[in-house]
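Structure data (compact mmCIF, C-alpha atoms and all ligand atoms) from coords_26.txt:
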```txt
# COMPACT_ATOMS: atom_id res chain seq x y z
CA MET A 1 -3.12 64.08 -84.32
CA SER A 2 -3.72 67.78 -83.72
CA VAL A 3 -4.18 68.11 -79.97
CA GLY A 4 -1.56 65.81 -78.52
CA ASN A 5 1.84 67.42 -78.43
CA THR A 6 3.84 64.32 -77.66
CA VAL A 7 5.03 62.38 -80.64
CA ARG A 8 6.27 58.92 -79.85
CA ALA A 9 7.31 55.92 -81.77
CA TRP A 10 4.85 53.33 -80.60
CA ARG A 11 3.13 50.48 -82.24
CA PRO A 12 -0.15 48.97 -81.18
CA LEU A 13 0.53 45.55 -79.69
CA ILE A 14 -3.09 44.53 -79.44
CA GLY A 15 -3.15 40.78 -79.34
CA GLN A 16 0.58 40.79 -80.02
CA GLU A 17 2.34 37.49 -80.56
CA LYS A 18 5.31 38.17 -78.29
CA ALA A 19 5.89 35.24 -75.94
CA PHE A 20 6.09 36.18 -72.28
CA ILE A 21 7.52 34.03 -69.54
CA LYS A 22 4.63 33.12 -67.31
CA THR A 23 5.67 34.60 -63.99
CA ASN A 24 4.19 36.65 -61.21
CA LYS A 25 7.63 37.69 -59.93
CA THR A 26 8.09 41.32 -59.00
CA VAL A 27 11.09 43.59 -58.94
CA SER A 28 11.21 46.12 -56.14
CA ARG A 29 14.71 47.61 -56.36
CA VAL A 30 15.55 50.15 -59.02
CA SER A 31 19.09 48.76 -59.06
CA ASP A 32 17.68 45.46 -60.34
CA LEU A 33 16.47 47.13 -63.52
CA ALA A 34 19.09 45.89 -65.94
CA ASN A 35 18.17 48.39 -68.62
CA LEU A 36 18.89 51.56 -66.66
CA LEU A 37 22.22 53.32 -66.92
CA PRO A 38 24.25 53.02 -63.67
CA ASN A 39 24.05 56.73 -62.86
CA GLU A 40 20.36 56.78 -63.73
CA SER A 41 19.78 53.87 -61.37
CA HIS A 42 21.48 55.65 -58.45
CA THR A 43 19.44 58.83 -58.93
CA LEU A 44 16.16 57.03 -59.26
CA GLU A 45 16.81 55.04 -56.11
CA GLN A 46 16.60 58.34 -54.26
CA VAL A 47 13.12 58.85 -55.73
CA ALA A 48 12.11 55.30 -54.79
CA LYS A 49 13.08 56.04 -51.18
CA GLN A 50 10.30 58.63 -51.18
CA TYR A 51 7.74 56.73 -53.30
CA LYS A 52 8.27 52.98 -53.47
CA PHE A 53 9.06 51.20 -56.70
CA GLN A 54 7.61 47.84 -57.65
CA ALA A 55 6.93 46.21 -61.01
CA THR A 56 6.09 42.78 -62.34
CA GLU A 57 8.65 41.18 -64.60
CA TYR A 58 5.88 40.76 -67.16
CA TYR A 59 5.16 44.50 -67.22
CA LEU A 60 8.84 45.43 -67.41
CA ASP A 61 9.00 43.20 -70.45
CA LEU A 62 6.41 45.40 -72.18
CA ILE A 63 8.68 48.43 -72.00
CA ASN A 64 10.62 49.56 -75.03
CA TRP A 65 13.90 50.33 -73.22
CA ASN A 66 15.36 51.94 -76.35
CA ASP A 67 12.85 54.74 -76.07
CA PRO A 68 13.69 57.04 -73.10
CA ASN A 69 10.12 58.37 -73.27
CA ASP A 70 8.42 55.02 -73.46
CA PRO A 71 4.95 55.52 -71.91
CA LEU A 72 5.00 52.24 -69.97
CA LYS A 73 8.43 53.06 -68.56
CA ARG A 74 7.08 56.43 -67.48
CA LEU A 75 4.17 54.68 -65.79
CA ILE A 76 6.25 52.34 -63.68
CA VAL A 77 9.86 53.53 -63.34
CA PRO A 78 10.68 56.32 -60.85
CA HIS A 79 11.46 59.72 -62.30
CA LEU A 80 13.25 62.69 -60.74
CA GLU A 81 10.31 65.02 -61.46
CA GLU A 82 8.28 63.14 -58.86
CA LEU A 83 10.22 65.08 -56.24
CA ASP A 84 8.86 68.39 -57.57
CA ASP A 85 6.82 70.17 -54.97
CA TRP A 86 3.22 69.87 -56.13
CA GLY A 87 -0.10 68.72 -54.78
CA THR A 88 -1.05 66.99 -51.57
CA LEU A 89 -1.17 63.35 -50.49
CA ASP A 90 -4.97 63.31 -50.14
CA ALA A 91 -5.99 65.56 -53.02
CA CYS A 92 -9.72 65.00 -52.80
CA ASP A 93 -10.06 64.70 -49.07
CA GLU A 94 -10.78 60.99 -48.79
CA ALA A 95 -10.13 61.42 -45.07
CA SER A 96 -13.53 63.12 -44.77
CA ASN A 97 -15.26 60.04 -46.24
CA THR A 98 -13.44 57.56 -44.03
CA GLN A 99 -15.86 56.02 -41.55
CA LEU A 100 -13.36 53.59 -40.08
CA ASN A 101 -10.06 52.13 -41.24
CA GLY A 102 -10.93 50.22 -44.39
CA VAL A 103 -14.23 51.94 -45.24
CA GLN A 104 -14.95 55.11 -47.17
CA HIS A 105 -18.56 56.16 -47.63
CA LYS A 106 -19.02 59.23 -49.83
CA TYR A 107 -22.22 58.52 -51.80
CA PRO A 108 -25.17 56.97 -49.93
CA ASP A 109 -25.49 53.87 -52.12
CA THR A 110 -21.78 53.10 -52.56
CA ALA A 111 -19.13 52.13 -50.02
CA LEU A 112 -15.44 51.57 -50.63
CA MET A 113 -13.67 48.75 -48.84
CA LEU A 114 -9.92 49.40 -48.77
CA VAL A 115 -8.86 45.79 -48.40
CA THR A 116 -5.12 45.99 -49.03
CA ASN A 117 -2.26 48.40 -49.40
CA THR A 118 -0.41 46.23 -51.86
CA CYS A 119 -0.54 46.23 -55.64
CA ALA A 120 0.98 43.95 -58.24
CA ALA A 121 3.08 46.93 -59.31
CA LEU A 122 3.07 50.57 -58.26
CA CYS A 123 1.93 53.24 -60.72
CA ARG A 124 4.03 56.36 -60.38
CA TYR A 125 0.93 58.56 -60.67
CA CYS A 126 -1.13 56.76 -58.01
CA PHE A 127 -3.46 59.18 -56.22
CA ARG A 128 -3.45 56.87 -53.18
CA LYS A 129 0.32 56.62 -52.86
CA ARG A 130 -0.09 57.74 -49.24
CA LEU A 131 -1.28 54.18 -48.52
CA PHE A 132 2.15 52.83 -49.36
CA LEU A 133 3.95 55.21 -47.01
CA ASP A 134 4.99 54.08 -43.55
CA GLY A 135 2.54 54.94 -40.81
CA ASN A 136 -0.62 54.96 -42.94
CA HIS A 137 -3.50 53.01 -41.38
CA GLU A 138 -6.37 53.64 -43.81
CA VAL A 139 -6.47 50.02 -44.93
CA SER A 140 -7.93 47.49 -42.55
CA PRO A 141 -6.30 44.06 -42.40
CA ASN A 142 -9.43 42.78 -40.68
CA ILE A 143 -12.57 42.93 -42.78
CA ALA A 144 -15.00 42.16 -39.95
CA GLY A 145 -15.39 45.84 -39.04
CA SER A 146 -15.93 46.84 -42.68
CA ILE A 147 -18.55 44.14 -43.19
CA GLU A 148 -20.31 45.19 -40.01
CA TYR A 149 -20.42 48.81 -41.18
CA ILE A 150 -21.89 47.81 -44.56
CA SER A 151 -24.31 45.42 -42.88
CA ASN A 152 -25.58 48.26 -40.69
CA HIS A 153 -26.06 50.65 -43.62
CA LYS A 154 -28.91 49.24 -45.66
CA GLU A 155 -28.71 52.14 -48.13
CA ILE A 156 -25.46 50.65 -49.50
CA THR A 157 -26.22 48.68 -52.66
CA ASP A 158 -22.76 48.79 -54.25
CA VAL A 159 -19.42 47.93 -52.68
CA LEU A 160 -16.16 48.82 -54.38
CA LEU A 161 -13.24 46.62 -53.36
CA THR A 162 -10.16 48.73 -53.66
CA GLY A 163 -6.94 49.71 -51.90
CA GLY A 164 -4.34 48.94 -53.14
CA ASP A 165 -5.39 46.21 -55.51
CA PRO A 166 -7.81 43.59 -54.16
CA LEU A 167 -6.67 40.98 -56.66
CA THR A 168 -3.28 40.88 -54.94
CA LEU A 169 -4.92 39.47 -51.81
CA PRO A 170 -4.46 35.78 -51.07
CA THR A 171 -7.35 33.83 -52.61
CA ARG A 172 -8.62 32.63 -49.22
CA LYS A 173 -8.98 36.24 -48.09
CA LEU A 174 -10.85 37.18 -51.26
CA GLU A 175 -13.11 34.20 -50.62
CA LYS A 176 -13.97 35.47 -47.17
CA ILE A 177 -14.82 38.92 -48.56
CA PHE A 178 -17.02 37.55 -51.34
CA VAL A 179 -18.80 35.12 -49.03
CA GLU A 180 -19.51 37.86 -46.48
CA LEU A 181 -20.75 40.33 -49.10
CA GLY A 182 -22.79 37.60 -50.77
CA ARG A 183 -24.75 37.23 -47.53
CA LEU A 184 -25.85 40.87 -47.38
CA ASP A 185 -29.24 41.16 -49.11
CA HIS A 186 -29.05 44.93 -49.61
CA VAL A 187 -25.72 44.70 -51.46
CA LYS A 188 -26.62 44.16 -55.10
CA ALA A 189 -23.28 44.63 -56.81
CA VAL A 190 -19.60 44.37 -55.99
CA ARG A 191 -17.00 46.23 -58.00
CA LEU A 192 -13.46 44.95 -58.15
CA GLY A 193 -11.15 47.90 -58.88
CA SER A 194 -7.96 46.37 -60.27
CA LYS A 195 -4.93 46.94 -62.44
CA VAL A 196 -3.91 43.31 -62.08
CA PRO A 197 -5.34 42.56 -65.56
CA ALA A 198 -2.62 44.87 -66.90
CA PHE A 199 0.16 43.89 -64.48
CA ASP A 200 -0.35 40.14 -64.04
CA PRO A 201 -2.40 38.50 -66.80
CA TRP A 202 -2.25 35.07 -65.16
CA ARG A 203 -3.83 35.93 -61.80
CA LEU A 204 -7.24 34.52 -62.69
CA THR A 205 -6.32 32.06 -65.42
CA GLU A 206 -3.94 30.19 -63.07
CA ASP A 207 -6.19 30.17 -60.04
CA LYS A 208 -9.10 27.74 -60.31
CA ARG A 209 -10.11 28.45 -56.72
CA LEU A 210 -10.57 32.13 -57.50
CA GLN A 211 -12.63 31.22 -60.55
CA SER A 212 -15.00 29.15 -58.46
CA ILE A 213 -15.22 31.86 -55.77
CA ILE A 214 -16.38 34.27 -58.45
CA THR A 215 -18.85 31.73 -59.82
CA ASP A 216 -20.25 31.07 -56.34
CA PHE A 217 -20.62 34.78 -55.70
CA LEU A 218 -22.49 35.28 -58.96
CA HIS A 219 -24.82 32.43 -57.99
CA THR A 220 -26.06 34.63 -55.14
CA GLY A 221 -27.75 36.69 -57.86
CA LYS A 222 -25.51 39.72 -57.36
CA THR A 223 -23.50 41.40 -60.07
CA LEU A 224 -19.72 41.52 -60.11
CA TYR A 225 -18.01 44.29 -62.03
CA LEU A 226 -14.35 44.33 -62.89
CA ILE A 227 -13.32 47.99 -62.94
CA ALA A 228 -10.19 47.41 -64.98
CA HIS A 229 -7.42 49.96 -65.27
CA PHE A 230 -5.71 50.00 -68.64
CA ASP A 231 -3.94 53.28 -69.38
CA HIS A 232 -2.37 52.54 -72.73
CA PRO A 233 -3.20 50.18 -75.63
CA ARG A 234 0.19 48.47 -75.35
CA GLU A 235 -0.98 46.99 -72.05
CA ILE A 236 -3.63 45.01 -73.93
CA THR A 237 -1.53 42.01 -74.86
CA GLN A 238 -2.81 38.62 -75.95
CA GLU A 239 -2.24 37.41 -72.38
CA ALA A 240 -4.31 40.27 -70.99
CA ILE A 241 -7.07 39.55 -73.49
CA THR A 242 -7.15 35.87 -72.52
CA GLN A 243 -7.61 36.76 -68.87
CA LEU A 244 -10.31 39.33 -69.65
CA ARG A 245 -12.17 36.74 -71.71
CA LEU A 246 -12.14 34.42 -68.73
CA PHE A 247 -13.61 37.13 -66.49
CA ARG A 248 -16.34 37.60 -69.08
CA LYS A 249 -16.95 33.87 -69.43
CA LEU A 250 -17.47 33.62 -65.68
CA GLY A 251 -20.14 36.33 -65.93
CA VAL A 252 -18.21 39.36 -64.73
CA VAL A 253 -19.21 42.70 -66.28
CA MET A 254 -16.12 44.64 -67.33
CA VAL A 255 -15.50 48.36 -67.62
CA ASN A 256 -12.30 50.41 -67.74
CA GLN A 257 -11.26 53.62 -66.06
CA CYS A 258 -7.96 55.48 -66.07
CA PRO A 259 -6.62 58.99 -65.63
CA ILE A 260 -5.33 61.15 -68.47
CA LEU A 261 -1.56 61.24 -67.98
CA ARG A 262 1.01 63.44 -69.64
CA GLY A 263 3.49 61.39 -71.62
CA ILE A 264 1.42 58.20 -71.29
CA ASN A 265 -1.98 58.64 -72.89
CA ASP A 266 -2.45 62.39 -73.52
CA ASP A 267 -2.77 61.77 -77.21
CA PRO A 268 -6.01 61.32 -79.19
CA ASP A 269 -4.53 58.46 -81.24
CA ILE A 270 -3.54 56.53 -78.14
CA LEU A 271 -6.80 57.03 -76.30
CA SER A 272 -8.74 56.18 -79.44
CA GLU A 273 -6.79 52.94 -79.84
CA LEU A 274 -7.29 52.14 -76.16
CA TYR A 275 -11.05 52.59 -76.30
CA LYS A 276 -11.42 50.76 -79.59
CA SER A 277 -9.45 47.79 -78.31
CA LEU A 278 -11.18 47.63 -74.94
CA SER A 279 -14.59 47.89 -76.50
CA SER A 280 -13.82 45.16 -79.02
CA ILE A 281 -13.01 42.70 -76.21
CA GLY A 282 -16.09 43.56 -74.17
CA VAL A 283 -14.61 46.10 -71.74
CA ALA A 284 -16.72 49.25 -71.75
CA PRO A 285 -14.80 52.53 -71.53
CA TYR A 286 -16.23 54.05 -68.33
CA TYR A 287 -14.34 57.04 -66.89
CA LEU A 288 -11.38 59.07 -68.04
CA PHE A 289 -10.26 60.89 -64.91
CA GLN A 290 -8.74 64.30 -64.70
CA GLY A 291 -5.53 63.61 -62.74
CA ARG A 292 -5.84 64.60 -59.10
CA PRO A 293 -3.29 67.12 -57.84
CA THR A 294 -1.47 64.50 -55.82
CA LYS A 295 2.03 64.85 -54.40
CA GLY A 296 4.60 63.40 -56.77
CA ASN A 297 2.33 63.69 -59.80
CA ALA A 298 3.37 67.03 -61.33
CA MET A 299 4.95 65.26 -64.29
CA PHE A 300 1.63 63.70 -65.29
CA ARG A 301 -0.63 66.75 -65.15
CA VAL A 302 -2.75 67.70 -68.14
CA PRO A 303 -4.88 70.89 -67.99
CA ILE A 304 -8.65 70.35 -68.10
CA VAL A 305 -9.16 72.10 -71.45
CA ARG A 306 -6.44 70.11 -73.15
CA GLY A 307 -7.70 66.86 -71.66
CA TYR A 308 -11.21 67.60 -72.87
CA LYS A 309 -9.98 68.34 -76.38
CA ILE A 310 -7.84 65.21 -76.50
CA LEU A 311 -10.76 63.02 -75.45
CA THR A 312 -13.15 64.73 -77.86
CA GLU A 313 -10.78 64.12 -80.74
CA ALA A 314 -10.07 60.57 -79.58
CA VAL A 315 -13.70 59.49 -79.61
CA ASN A 316 -14.84 61.45 -82.68
CA ASP A 317 -14.71 58.52 -85.06
CA LEU A 318 -15.38 55.72 -82.59
CA SER A 319 -18.53 53.63 -82.48
CA GLY A 320 -21.17 54.47 -79.92
CA LEU A 321 -20.07 51.54 -77.77
CA ALA A 322 -16.44 52.66 -77.73
CA LYS A 323 -17.31 56.29 -76.91
CA ARG A 324 -19.26 55.62 -73.70
CA VAL A 325 -16.41 57.10 -71.68
CA ARG A 326 -17.05 60.25 -69.58
CA PHE A 327 -14.39 62.81 -68.69
CA VAL A 328 -14.74 63.36 -64.94
CA MET A 329 -12.97 64.90 -62.01
CA SER A 330 -13.15 63.15 -58.64
CA HIS A 331 -13.39 66.26 -56.52
CA ALA A 332 -13.80 66.44 -52.75
CA THR A 333 -17.39 67.60 -53.38
CA GLY A 334 -18.26 64.78 -55.77
CA LYS A 335 -17.69 63.44 -59.21
CA ILE A 336 -17.94 66.24 -61.77
CA GLU A 337 -18.24 65.70 -65.49
CA VAL A 338 -16.56 68.06 -67.93
CA LEU A 339 -19.29 68.50 -70.53
CA GLY A 340 -17.81 71.00 -72.92
CA VAL A 341 -15.39 73.80 -73.70
CA ASP A 342 -15.93 76.75 -76.06
CA ASN A 343 -13.89 79.87 -76.75
CA SER A 344 -14.83 81.52 -73.48
CA HIS A 345 -16.15 78.90 -71.10
CA ILE A 346 -15.80 75.46 -69.55
CA TYR A 347 -19.07 73.62 -68.82
CA MET A 348 -19.36 71.05 -66.05
CA LYS A 349 -22.04 69.18 -64.18
CA TYR A 350 -22.11 67.19 -60.96
CA HIS A 351 -22.31 63.56 -62.01
CA ARG A 352 -22.20 62.15 -58.46
CA PRO A 353 -22.51 64.92 -55.88
CA LYS A 354 -21.37 64.34 -52.32
CA TYR A 355 -23.90 66.87 -51.03
CA SER A 356 -27.59 66.95 -52.05
CA ARG A 357 -27.32 70.73 -52.68
CA ASP A 358 -25.22 69.88 -55.77
CA LYS A 359 -27.60 67.34 -57.31
CA GLY A 360 -27.81 68.04 -61.04
CA ARG A 361 -25.85 71.27 -60.56
CA PHE A 362 -24.60 72.68 -63.86
CA MET A 363 -21.60 75.01 -63.76
CA ILE A 364 -20.11 77.47 -66.23
CA PHE A 365 -16.60 78.80 -65.65
CA ASN A 366 -14.48 81.31 -67.53
CA ARG A 367 -12.12 79.34 -69.70
CA ASP A 368 -8.66 78.94 -68.24
CA ASP A 369 -6.39 76.78 -70.35
CA LYS A 370 -3.92 76.35 -67.51
CA ALA A 371 -6.38 75.12 -64.89
CA TYR A 372 -6.09 71.48 -63.96
CA TRP A 373 -8.52 71.36 -61.05
CA LEU A 374 -11.93 72.77 -60.22
CA ASP A 375 -10.63 74.98 -57.43
CA GLN A 376 -8.57 77.00 -59.88
CA LEU A 377 -11.69 77.86 -61.87
CA ILE A 378 -13.71 79.15 -58.94
CA PRO A 379 -13.52 82.92 -58.38
CA SER A 380 -11.78 83.60 -55.07
CA ASP A 381 -14.89 85.29 -53.61
CA SER A 382 -17.13 82.23 -54.02
CA THR A 383 -17.19 78.65 -52.77
CA VAL A 384 -17.83 75.35 -54.46
S1 LIG B 401 -2.71 49.74 -59.20
FE1 LIG B 401 -4.10 51.38 -58.52
S2 LIG B 401 -3.79 51.55 -56.31
FE2 LIG B 401 -2.06 50.38 -57.17
S3 LIG B 401 -0.48 51.90 -57.56
FE3 LIG B 401 -1.65 51.67 -59.46
S4 LIG B 401 -3.21 53.28 -59.34
FE4 LIG B 401 -2.40 53.00 -57.27
```
Could you show the structure in this file as structure tokens?
Amino acid sequence: MSVGNTVRAWRPLIGQEKAFIKTNKTVSRVSDLANLLPNESHTLEQVAKQYKFQATEYYLDLINWNDPNDPLKRLIVPHLEELDDWGTLDACDEASNTQLNGVQHKYPDTALMLVTNTCAALCRYCFRKRLFLDGNHEVSPNIAGSIEYISNHKEITDVLLTGGDPLTLPTRKLEKIFVELGRLDHVKAVRLGSKVPAFDPWRLTEDKRLQSIITDFLHTGKTLYLIAHFDHPREITQEAITQLRLFRKLGVVMVNQCPILRGINDDPDILSELYKSLSSIGVAPYYLFQGRPTKGNAMFRVPIVRGYKILTEAVNDLSGLAKRVRFVMSHATGKIEVLGVDNSHIYMKYHRPKYSRDKGRFMIFNRDDKAYWLDQLIPSDSTV
């Protein structure tokens, strides 16, 4: 481990034998966390007033409470640093892609349906935490308008169900969404963006109705992708694996995406283990995201150069299947891949441009080891 500067005592729990109580109960008050010190609990409640706290009992059980820097604790338990003044609530201007409440349309062939503003648990680093704040109306409780928009835009072939986490919706609501999308001939694939496989490994295994909804949808001839969100190899428990195998058995194609997060996975050994494990259970590593400069996320930031080096070292010795991951930045102007770093420069290319002027655009910037976002690399007298 030469790039990562965080040394932690962690052990891979891939397929671990630990027995978990099968429960989908959640905890939403910091004071109910039995393992926090009383004064710690009081302070962190102040943070949770700003950015809500919620965790599944199952996920809390994965935390090593004896380690104050446990990565899974950092992922889910409020931290004072979240109150540091940094970033904005909509760091890549999703507002400009919002066509109506519940629909974002940034790339011609892909639409996002924001179907819920709930999640099984709330990641502290969430770039959409604005959805969980009072007064936000970006999610539509009524999908009719979203379906009508997609129906009227025949160029849309892919629909990403997101939010929030679509797998937290009641099954009957998911059924309605899948049935409606299944009827649209021009929609060829639906992507289910979800961290439920990491937070609640019994969501699919315990719900036969959901299993048959997925089967029925796949019988329409369309493809269903699970865009899973595992950040750390310790999230890949035997329970999680069992659920992923069921998704695969039903015919769902699985990939994984996650951001690089300081103190959670900014370590080549951890990322390497994550990609190896995911790949071995049929989940293709898809994107590693540069963290967006979102309010509350200062404690998770990793500069671009360091992130690139960590990923490069992580995948060096992995098989071709495990190293399919791309290091990308979801910028307001499109998805940009970080292709390389040398002594003087950072090399990037538009992977999914928002504007046609950027199609295939290759960019070379002077190397700045402190930069964490594209805008910091652009000379002040030019525009992106
Ligand atoms: S599961 Fe996804 S949407 Fe929900 S809090 Fe985590 S990152 Fe945000």
Nearby residues, ligand LIG 401 (chain B), 10 Å, all atoms listed in the file, as number ranges by chain: A: 52-55, 75-76, 114, 116-132, 162-168, 193-199, 228-230, 258-259
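Between A:Ala298 and the candidates A:Gly87, A:Pro78, A:Pro38, A:Gly145, the tightest atom-to-atom separation, counting all atoms listed in the file, involves A:Gly87.
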Name all residues at most 8 Å from stretch 205-209 of chain A (count all atoms listed in the file; drop same-chain ones fewer than 3 positions away) and give them as a PDB file with C-alpha atoms, keeping the file's coordinate frame.
```pdb
ATOM      1  CA  THR A 171      -7.350  33.830 -52.610  1.00  0.00           C
ATOM      2  CA  PRO A 201      -2.400  38.500 -66.800  1.00  0.00           C
ATOM      3  CA  TRP A 202      -2.250  35.070 -65.160  1.00  0.00           C
ATOM      4  CA  SER A 212     -15.000  29.150 -58.460  1.00  0.00           C
ATOM      5  CA  ILE A 213     -15.220  31.860 -55.770  1.00  0.00           C
ATOM      6  CA  GLN A 243      -7.610  36.760 -68.870  1.00  0.00           C
ATOM      7  CA  LEU A 246     -12.140  34.420 -68.730  1.00  0.00           C
TER       8      LEU A 246
END
```
Distance in Å - atom CA of A:Thr56 versus atom CA of A:Lys22: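 Computing it gives 11.0 Å between the two atoms.
The environment of A:Trp86 within 12 Å, counting all atoms listed in the file and disregarding residues fewer than 4 places along the same chain, consists of Glu81, Glu82, Ala91, Arg292, Pro293, Thr294, Lys295, Gly296, Asn297, Ala298, Met299, Phe300 and Arg301 of chain A.
Residue nearest A:Thr333, chosen from A:Gln46, A:Asn97, A:Thr242, A:Thr23 and counting all atoms listed in the file: A:Asn97.
Atom CA of A:Lys276 lies 25.8 Å from atom CA of A:Val190.
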Excluding stretch 29-35 of chain A and residues on its chain fewer than 2 positions from it, collect all residues at most 8 Å away from it, counting only C-alpha atoms, and give them as a ChimeraX atom specification. /A:27,37,41-42,44-45,48,53-54,65,77
File dump, residues just selected, C-alpha atoms, as a tab-separated table (two decimals), in the frame of the given file:
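Okay, out25.tsv is ready:
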```
chain	number	residue	atom	x	y	z
A	27	VAL	CA	11.09	43.59	-58.94
A	37	LEU	CA	22.22	53.32	-66.92
A	41	SER	CA	19.78	53.87	-61.37
A	42	HIS	CA	21.48	55.65	-58.45
A	44	LEU	CA	16.16	57.03	-59.26
A	45	GLU	CA	16.81	55.04	-56.11
A	48	ALA	CA	12.11	55.30	-54.79
A	53	PHE	CA	9.06	51.20	-56.70
A	54	GLN	CA	7.61	47.84	-57.65
A	65	TRP	CA	13.90	50.33	-73.22
A	77	VAL	CA	9.86	53.53	-63.34
```
One decimal, Å: what's the distance from atom CA of A:Gly320 over to atom CA of A:Tyr275, could you say?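 If I compute the distance from atom CA of A:Gly320 to atom CA of A:Tyr275, I get 10.9 Å.
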I'd like to know which of A:Gly135, A:Asp70, A:Tyr149, A:Gly360 is closest to A:Leu100, using only C-alpha atoms. A:Tyr149
